[in-house]
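Structure file model-v1.txt (compact mmCIF, C-alpha atoms) follows.
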# COMPACT_ATOMS: atom_id res chain seq x y z
CA MET A 1 0.00 0.00 0.00
CA LEU A 2 1.38 3.38 -1.00
CA ARG A 3 1.05 6.16 1.56
CA PHE A 4 1.88 9.67 0.39
CA HIS A 5 1.59 11.49 3.75
CA GLY A 6 0.64 14.82 2.20
CA CYS A 7 3.17 14.70 -0.63
CA GLY A 8 2.42 14.63 -4.33
CA THR A 9 3.88 11.83 -6.40
CA ALA A 10 4.76 11.25 -10.04
CA MET A 11 5.14 7.74 -11.44
CA HIS A 12 6.57 6.62 -14.76
CA ALA A 13 4.34 4.13 -16.56
CA ILE A 14 5.26 2.90 -20.05
CA GLY A 15 2.99 0.17 -21.39
CA ASP A 16 -0.49 -0.97 -20.48
CA LYS A 17 0.52 -3.22 -17.57
CA ALA A 18 2.62 -0.45 -16.03
CA PHE A 19 -0.26 2.01 -16.45
CA VAL A 20 -2.65 -0.36 -14.71
CA GLN A 21 -0.22 -0.82 -11.81
CA ALA A 22 0.38 2.93 -11.43
CA VAL A 23 -3.31 3.84 -11.52
CA ARG A 24 -4.29 1.12 -9.07
CA ALA A 25 -1.49 2.11 -6.68
CA ILE A 26 -2.60 5.75 -6.63
CA LYS A 27 -6.26 4.74 -6.32
CA ALA A 28 -5.46 2.48 -3.36
CA ALA A 29 -3.51 5.25 -1.63
CA LEU A 30 -6.31 7.77 -2.16
CA ASP A 31 -8.92 5.29 -0.95
CA ASP A 32 -6.83 4.89 2.20
CA LEU A 33 -5.89 8.57 2.59
CA PRO A 34 -8.35 10.71 0.60
CA ARG A 35 -7.16 14.14 -0.59
CA GLU A 36 -9.13 16.68 -2.58
CA ASP A 37 -6.26 18.40 -4.41
CA HIS A 38 -3.49 15.82 -4.54
CA ARG A 39 -2.36 16.31 -8.18
CA HIS A 40 -0.70 12.90 -8.32
CA THR A 41 0.63 12.36 -11.82
CA ILE A 42 1.46 9.48 -14.13
CA ILE A 43 4.29 10.19 -16.55
CA HIS A 44 4.22 8.82 -20.13
CA ALA A 45 0.88 6.97 -19.88
CA CYS A 46 1.49 6.09 -23.54
CA LEU A 47 -0.55 2.85 -23.66
CA PRO A 48 -3.47 3.29 -21.27
CA THR A 49 -6.44 1.02 -20.72
CA ALA A 50 -10.05 2.21 -20.85
CA GLU A 51 -10.84 1.03 -17.32
CA GLU A 52 -7.88 2.86 -15.81
CA ILE A 53 -8.61 6.04 -17.80
CA ALA A 54 -12.00 6.03 -16.10
CA VAL A 55 -10.27 5.66 -12.71
CA CYS A 56 -8.02 8.63 -13.54
CA GLU A 57 -11.12 10.68 -14.31
CA ARG A 58 -12.86 9.66 -11.10
CA TYR A 59 -9.80 10.22 -8.90
CA HIS A 60 -8.50 13.32 -10.73
CA ILE A 61 -5.13 11.76 -11.58
CA ASN A 62 -3.03 13.98 -13.85
CA LEU A 63 -1.02 12.74 -16.82
CA ALA A 64 2.35 14.06 -18.01
CA VAL A 65 2.56 13.02 -21.65
CA GLN A 66 5.21 13.26 -24.36
CA THR A 67 3.48 13.96 -27.65
CA ALA A 68 6.89 14.22 -29.33
CA PHE A 69 6.87 10.41 -29.39
CA ILE A 70 3.87 10.39 -31.75
CA ASP A 71 5.16 9.14 -35.12
CA TRP A 72 8.68 9.32 -33.69
CA PRO A 73 11.27 8.59 -36.45
CA GLN A 74 13.21 6.20 -34.19
CA GLU A 75 10.06 4.14 -33.60
CA PRO A 76 7.78 4.64 -36.63
CA ASP A 77 4.17 3.52 -36.46
CA SER A 78 4.86 0.55 -38.75
CA TYR A 79 7.49 -0.72 -36.30
CA LEU A 80 5.17 -0.29 -33.31
CA GLU A 81 2.35 -2.08 -35.09
CA GLN A 82 4.60 -5.09 -35.66
CA ILE A 83 5.29 -5.27 -31.92
CA LEU A 84 1.97 -4.23 -30.42
CA GLY A 85 -0.53 -5.36 -33.03
CA GLU A 86 -3.98 -3.86 -32.46
CA ARG A 87 -2.80 -2.22 -29.25
CA ALA A 88 -0.78 0.25 -31.33
CA GLY A 89 -4.04 2.05 -32.07
CA ARG A 90 -4.29 2.96 -28.38
CA LEU A 91 -0.91 4.71 -28.19
CA ASN A 92 -0.95 8.26 -26.82
CA PRO A 93 -4.75 8.80 -26.98
CA ILE A 94 -4.52 12.54 -26.28
CA ARG A 95 -8.05 13.44 -27.34
CA THR A 96 -9.52 10.56 -25.34
CA PHE A 97 -7.72 11.85 -22.25
CA CYS A 98 -9.14 15.33 -22.83
CA GLU A 99 -12.66 14.00 -23.37
CA HIS A 100 -12.41 12.38 -19.94
CA GLY A 101 -11.47 15.73 -18.42
CA LEU A 102 -7.94 14.70 -17.48
CA ILE A 103 -5.36 17.43 -16.97
CA LEU A 104 -2.47 16.84 -19.37
CA SER A 105 0.94 18.45 -19.15
CA ALA A 106 3.53 18.03 -21.88
CA GLY A 107 7.24 17.29 -21.93
CA SER A 108 9.92 15.94 -24.23
CA ASP A 109 11.48 13.09 -22.24
CA GLY A 110 14.73 14.62 -23.52
CA PRO A 111 17.28 13.84 -24.69
CA CYS A 112 15.25 11.14 -26.46
CA THR A 113 13.18 13.65 -28.40
CA ASP A 114 13.41 17.32 -29.30
CA PRO A 115 12.70 19.55 -26.26
CA ALA A 116 10.65 21.99 -28.37
CA PRO A 117 7.14 22.83 -27.10
CA LEU A 118 6.02 23.92 -30.57
CA LEU A 119 6.84 20.42 -31.80
CA TRP A 120 4.83 18.94 -28.93
CA MET A 121 1.90 21.13 -29.97
CA TYR A 122 2.28 20.13 -33.61
CA LYS A 123 2.25 16.43 -32.75
CA ALA A 124 -0.76 16.79 -30.45
CA CYS A 125 -2.73 18.64 -33.13
CA ASN A 126 -1.59 16.35 -35.97
CA HIS A 127 -1.74 12.92 -34.34
CA SER A 128 -0.88 9.95 -36.55
CA ASN A 129 -4.33 8.73 -35.50
CA PRO A 130 -6.48 11.74 -36.55
CA ALA A 131 -9.21 10.75 -34.12
CA GLU A 132 -6.80 11.50 -31.26
CA SER A 133 -5.77 15.00 -32.40
CA ILE A 134 -6.65 17.95 -30.18
CA SER A 135 -7.17 21.66 -30.80
CA VAL A 136 -4.43 24.29 -30.82
CA GLN A 137 -5.88 25.83 -27.66
CA GLN A 138 -5.82 22.49 -25.84
CA ALA A 139 -2.25 21.83 -26.97
CA LEU A 140 -1.08 25.28 -25.93
CA ARG A 141 -2.57 24.90 -22.46
CA MET A 142 -0.99 21.46 -22.16
CA CYS A 143 2.42 23.02 -22.89
CA THR A 144 2.03 26.03 -20.58
CA TYR A 145 -0.44 26.37 -17.72
CA ASN A 146 -1.06 22.69 -17.08
CA GLY A 147 2.58 21.91 -16.41
CA TYR A 148 2.72 24.45 -13.63
CA TYR A 149 -0.67 23.34 -12.32
CA THR A 150 0.68 19.81 -11.97
CA THR A 151 3.51 21.08 -9.74
CA PHE A 152 1.34 23.52 -7.73
CA ASP A 153 3.06 26.51 -9.39
CA GLU A 154 0.13 27.86 -11.41
CA ARG A 155 -0.17 30.95 -9.22
CA GLU A 156 3.31 32.06 -10.29
CA ARG A 157 3.73 30.80 -13.85
CA GLY A 158 2.00 29.25 -16.80
CA SER A 159 -0.21 32.08 -18.08
CA LEU A 160 0.11 35.78 -18.84
CA GLU A 161 -1.62 37.43 -15.91
CA ALA A 162 -0.90 40.41 -13.68
CA GLY A 163 1.29 39.45 -10.74
CA LYS A 164 2.77 36.33 -12.33
CA ILE A 165 6.42 35.78 -13.23
CA ALA A 166 6.80 36.96 -16.83
CA ASP A 167 8.42 33.94 -18.48
CA MET A 168 7.25 34.07 -22.09
CA VAL A 169 8.20 33.86 -25.76
CA LEU A 170 7.52 36.04 -28.78
CA LEU A 171 6.61 33.97 -31.83
CA ASP A 172 6.89 34.93 -35.49
CA ARG A 173 3.27 33.91 -36.11
CA ASN A 174 0.07 33.49 -34.17
CA PRO A 175 -0.60 29.73 -33.74
CA TYR A 176 -4.34 30.44 -33.83
CA ASP A 177 -4.13 32.10 -37.26
CA ILE A 178 -2.36 29.36 -39.21
CA PRO A 179 -3.30 25.82 -40.27
CA LYS A 180 -2.41 23.30 -37.59
CA GLU A 181 -0.18 21.55 -40.12
CA GLU A 182 2.18 24.56 -40.00
CA LEU A 183 2.69 24.65 -36.23
CA ALA A 184 6.09 22.94 -36.44
CA SER A 185 7.43 25.75 -38.62
CA VAL A 186 6.59 28.54 -36.13
CA LYS A 187 9.77 30.19 -34.85
CA VAL A 188 10.61 31.71 -31.48
CA LYS A 189 11.76 35.28 -32.10
CA GLN A 190 12.58 36.17 -28.52
CA LEU A 191 12.60 34.62 -25.06
CA TYR A 192 11.85 36.56 -21.89
CA LEU A 193 12.66 35.31 -18.40
CA ARG A 194 11.13 37.22 -15.50
CA GLY A 195 10.23 39.91 -18.00
CA GLN A 196 13.81 40.42 -19.13
CA GLU A 197 15.01 39.69 -22.65
CA TYR A 198 17.17 36.59 -22.78
CA LYS A 199 20.17 36.70 -25.09
CA LYS A 200 22.12 33.77 -26.42
CA GLY A 201 25.29 33.08 -24.48
CA ASN A 202 23.97 34.85 -21.41
CA GLY A 203 22.86 32.31 -18.81
CA GLY A 204 22.23 34.92 -16.14
CA GLY A 205 18.46 34.84 -16.47
CA ALA A 206 18.24 31.07 -16.30
CA ALA A 207 20.70 30.91 -13.42
CA GLN A 208 18.69 33.53 -11.53
CA ILE A 209 15.51 31.50 -11.96
CA LEU A 210 17.26 28.34 -10.80
CA ARG A 211 18.59 30.08 -7.70
CA GLY A 212 15.11 31.36 -6.94
CA MET A 213 13.60 27.89 -7.31
CA ILE A 214 16.22 26.41 -4.99
CA LYS A 215 15.57 29.15 -2.45
CA ARG A 216 11.83 28.42 -2.49
CA GLY A 217 12.44 24.70 -2.24
CA LYS A 218 11.11 24.00 -5.73
CA CYS A 219 14.09 21.89 -6.78
Structure encoded using structure tokens:
Amino acid sequence: MLRFHGCGTAMHAIGDKAFVQAVRAIKAALDDLPREDHRHTIIHACLPTAEEIAVCERYHINLAVQTAFIDWPQEPDSYLEQILGERAGRLNPIRTFCEHGLILSAGSDGPCTDPAPLLWMYKACNHSNPAESISVQQALRMCTYNGYYTTFDERERGSLEAGKIADMVLLDRNPYDIPKEELASVKVKQLYLRGQEYKKGNGGGAAQILRGMIKRGKC
């Protein structure tokens, strides 16, 4: 029996059996020690089962997914189909997760894949299984606000609001004004950390943020 004693947890689960084990472990812990706003998270969740997705919905279990793995060149769909058979059709069901009201945050699982949020958005909106594609707005939230929500940092970061830390990027095009097929070609023109312009070769801004996180016990 897992006991979290007031702490949040994040479990890696790759494959359907691992997903079942992770979901059942969190469910058992929450049945034993109920918490309203626990934000326990399963990382990867790339081959979920329908029954456990329903448990995630009922128990408000978050998922940290890596959409960069969708149609990943190192493991093309044809290769995965040879290994998984019909189960390959259940890989990374992003839209299904959203339809169940699950909170998804995105990541790269780097250095395996490209740590580029615009690529994560592109993959989420252009899923190799079209039925599992999501909207640009859903993908953008997955790559911004939801990540900080998962770590209890949404009051400081994740959206452009008065009083929040101004970490943001300036893009060369508006993702809402272009076809979703062009998302991967959007470029970052400028990066701002804490409202200050970040310049290549100058790690001061990033170092300052890291020091601040350490001071607040965030890492």
Spatial neighbours of range 132-137 of chain A, max dist 9 Å, all atoms listed in the file, sep filter under 4 positions, as number ranges by chain: A: 92-96, 98, 121-128, 141-142, 175-176, 180, 183
Contacts of Asp167 in chain A within 6 Å, all atoms listed in the file, excl. fewer than 3 positions in-chain, as an MDAnalysis selection string: chainID A and resid 192:194
Please, what is the axis-aligned box for every listed atom of range 29-36 of chain A with 5 Å on each side, as centre and edge lengths in Å to one decimal, as lines of an AutoDock Vina configuration file?
center_x = -6.3
center_y = 10.8
center_z = 0.0
size_x = 15.6
size_y = 21.8
size_z = 15.2
Separation of CA of Leu102 in chain A from CA of Glu161 in chain A, in Å and rounded to one decimal: 23.6 Å
How close does each residue of range 92-182 of chain A get to range 48-69 of chain A, giving the shortest atom pair and distance in Å to one decimal for every residue with an atom at most 6 Å away, counting all atoms listed in the file, sorted by chain and residue number, as a Markdown table?
| residue | atom | partner | partner_atom | distance |
| --- | --- | --- | --- | --- |
| A:Ile103 | CA | A:Asn62 | CA | 5.2 |
| A:Leu104 | CA | A:Leu63 | CA | 5.0 |
| A:Ser105 | CA | A:Ala64 | CA | 4.7 |
| A:Ala106 | CA | A:Val65 | CA | 5.1 |
| A:Gly107 | CA | A:Gln66 | CA | 5.1 |
| A:Ser108 | CA | A:Gln66 | CA | 5.4 |
| A:Trp120 | CA | A:Ala68 | CA | 5.2 |
| A:Lys123 | CA | A:Thr67 | CA | 5.8 |
| A:Ala124 | CA | A:Thr67 | CA | 5.8 |
Generate the output file for the selected residues, C-alpha atoms, as a PDB file, in the coordinates of the input.
ATOM      1  CA  ILE A 103      -5.360  17.430 -16.970  1.00  0.00           C
ATOM      2  CA  LEU A 104      -2.470  16.840 -19.370  1.00  0.00           C
ATOM      3  CA  SER A 105       0.940  18.450 -19.150  1.00  0.00           C
ATOM      4  CA  ALA A 106       3.530  18.030 -21.880  1.00  0.00           C
ATOM      5  CA  GLY A 107       7.240  17.290 -21.930  1.00  0.00           C
ATOM      6  CA  SER A 108       9.920  15.940 -24.230  1.00  0.00           C
ATOM      7  CA  TRP A 120       4.830  18.940 -28.930  1.00  0.00           C
ATOM      8  CA  LYS A 123       2.250  16.430 -32.750  1.00  0.00           C
ATOM      9  CA  ALA A 124      -0.760  16.790 -30.450  1.00  0.00           C
TER      10      ALA A 124
END
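Interatomic distance, CA of Ala139 in chain A to CA of Leu30 in chain A: 28.8 Å.
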Distance of CA of Ala13 in chain A from CA of Gly110 in chain A, expressed in Å to one decimal place: 16.3 Å
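Proximity ranking of A:Ala29, A:Gly158, A:Glu36, A:Ala45 relative to Asp16 in chain A places A:Ala45 first, based on all atoms listed in the file.
The closest residue to Val188 in chain A, picked from A:Gly147, A:Gly85, A:Gly163, A:Pro117 and counting only C-alpha atoms, is A:Pro117.
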Spatial neighbours of Leu160 in chain A, max dist 12 Å, only C-alpha atoms, sep filter under 6 positions, as a VMD selection string: chain A and resid 141 144 to 145 154 166 to 169 194 to 195
Test item: residues at most 6 Å from Leu91 in chain A, all atoms listed in the file, excluding those fewer than 3 positions along its chain, as number ranges by chain: A: 46-47, 88
Go ahead and dump the residues you just picked, C-alpha atoms, as a PDB file, in the coordinates of the input.
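Writing done, so here's again_13.pdb:
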ATOM      1  CA  CYS A  46       1.490   6.090 -23.540  1.00  0.00           C
ATOM      2  CA  LEU A  47      -0.550   2.850 -23.660  1.00  0.00           C
ATOM      3  CA  ALA A  88      -0.780   0.250 -31.330  1.00  0.00           C
TER       4      ALA A  88
END
Selection: 8 Å around Gly8 in chain A, all atoms listed in the file, excl. self and same-chain fewer than 6 positions, as a ChimeraX atom specification: /A:38-40
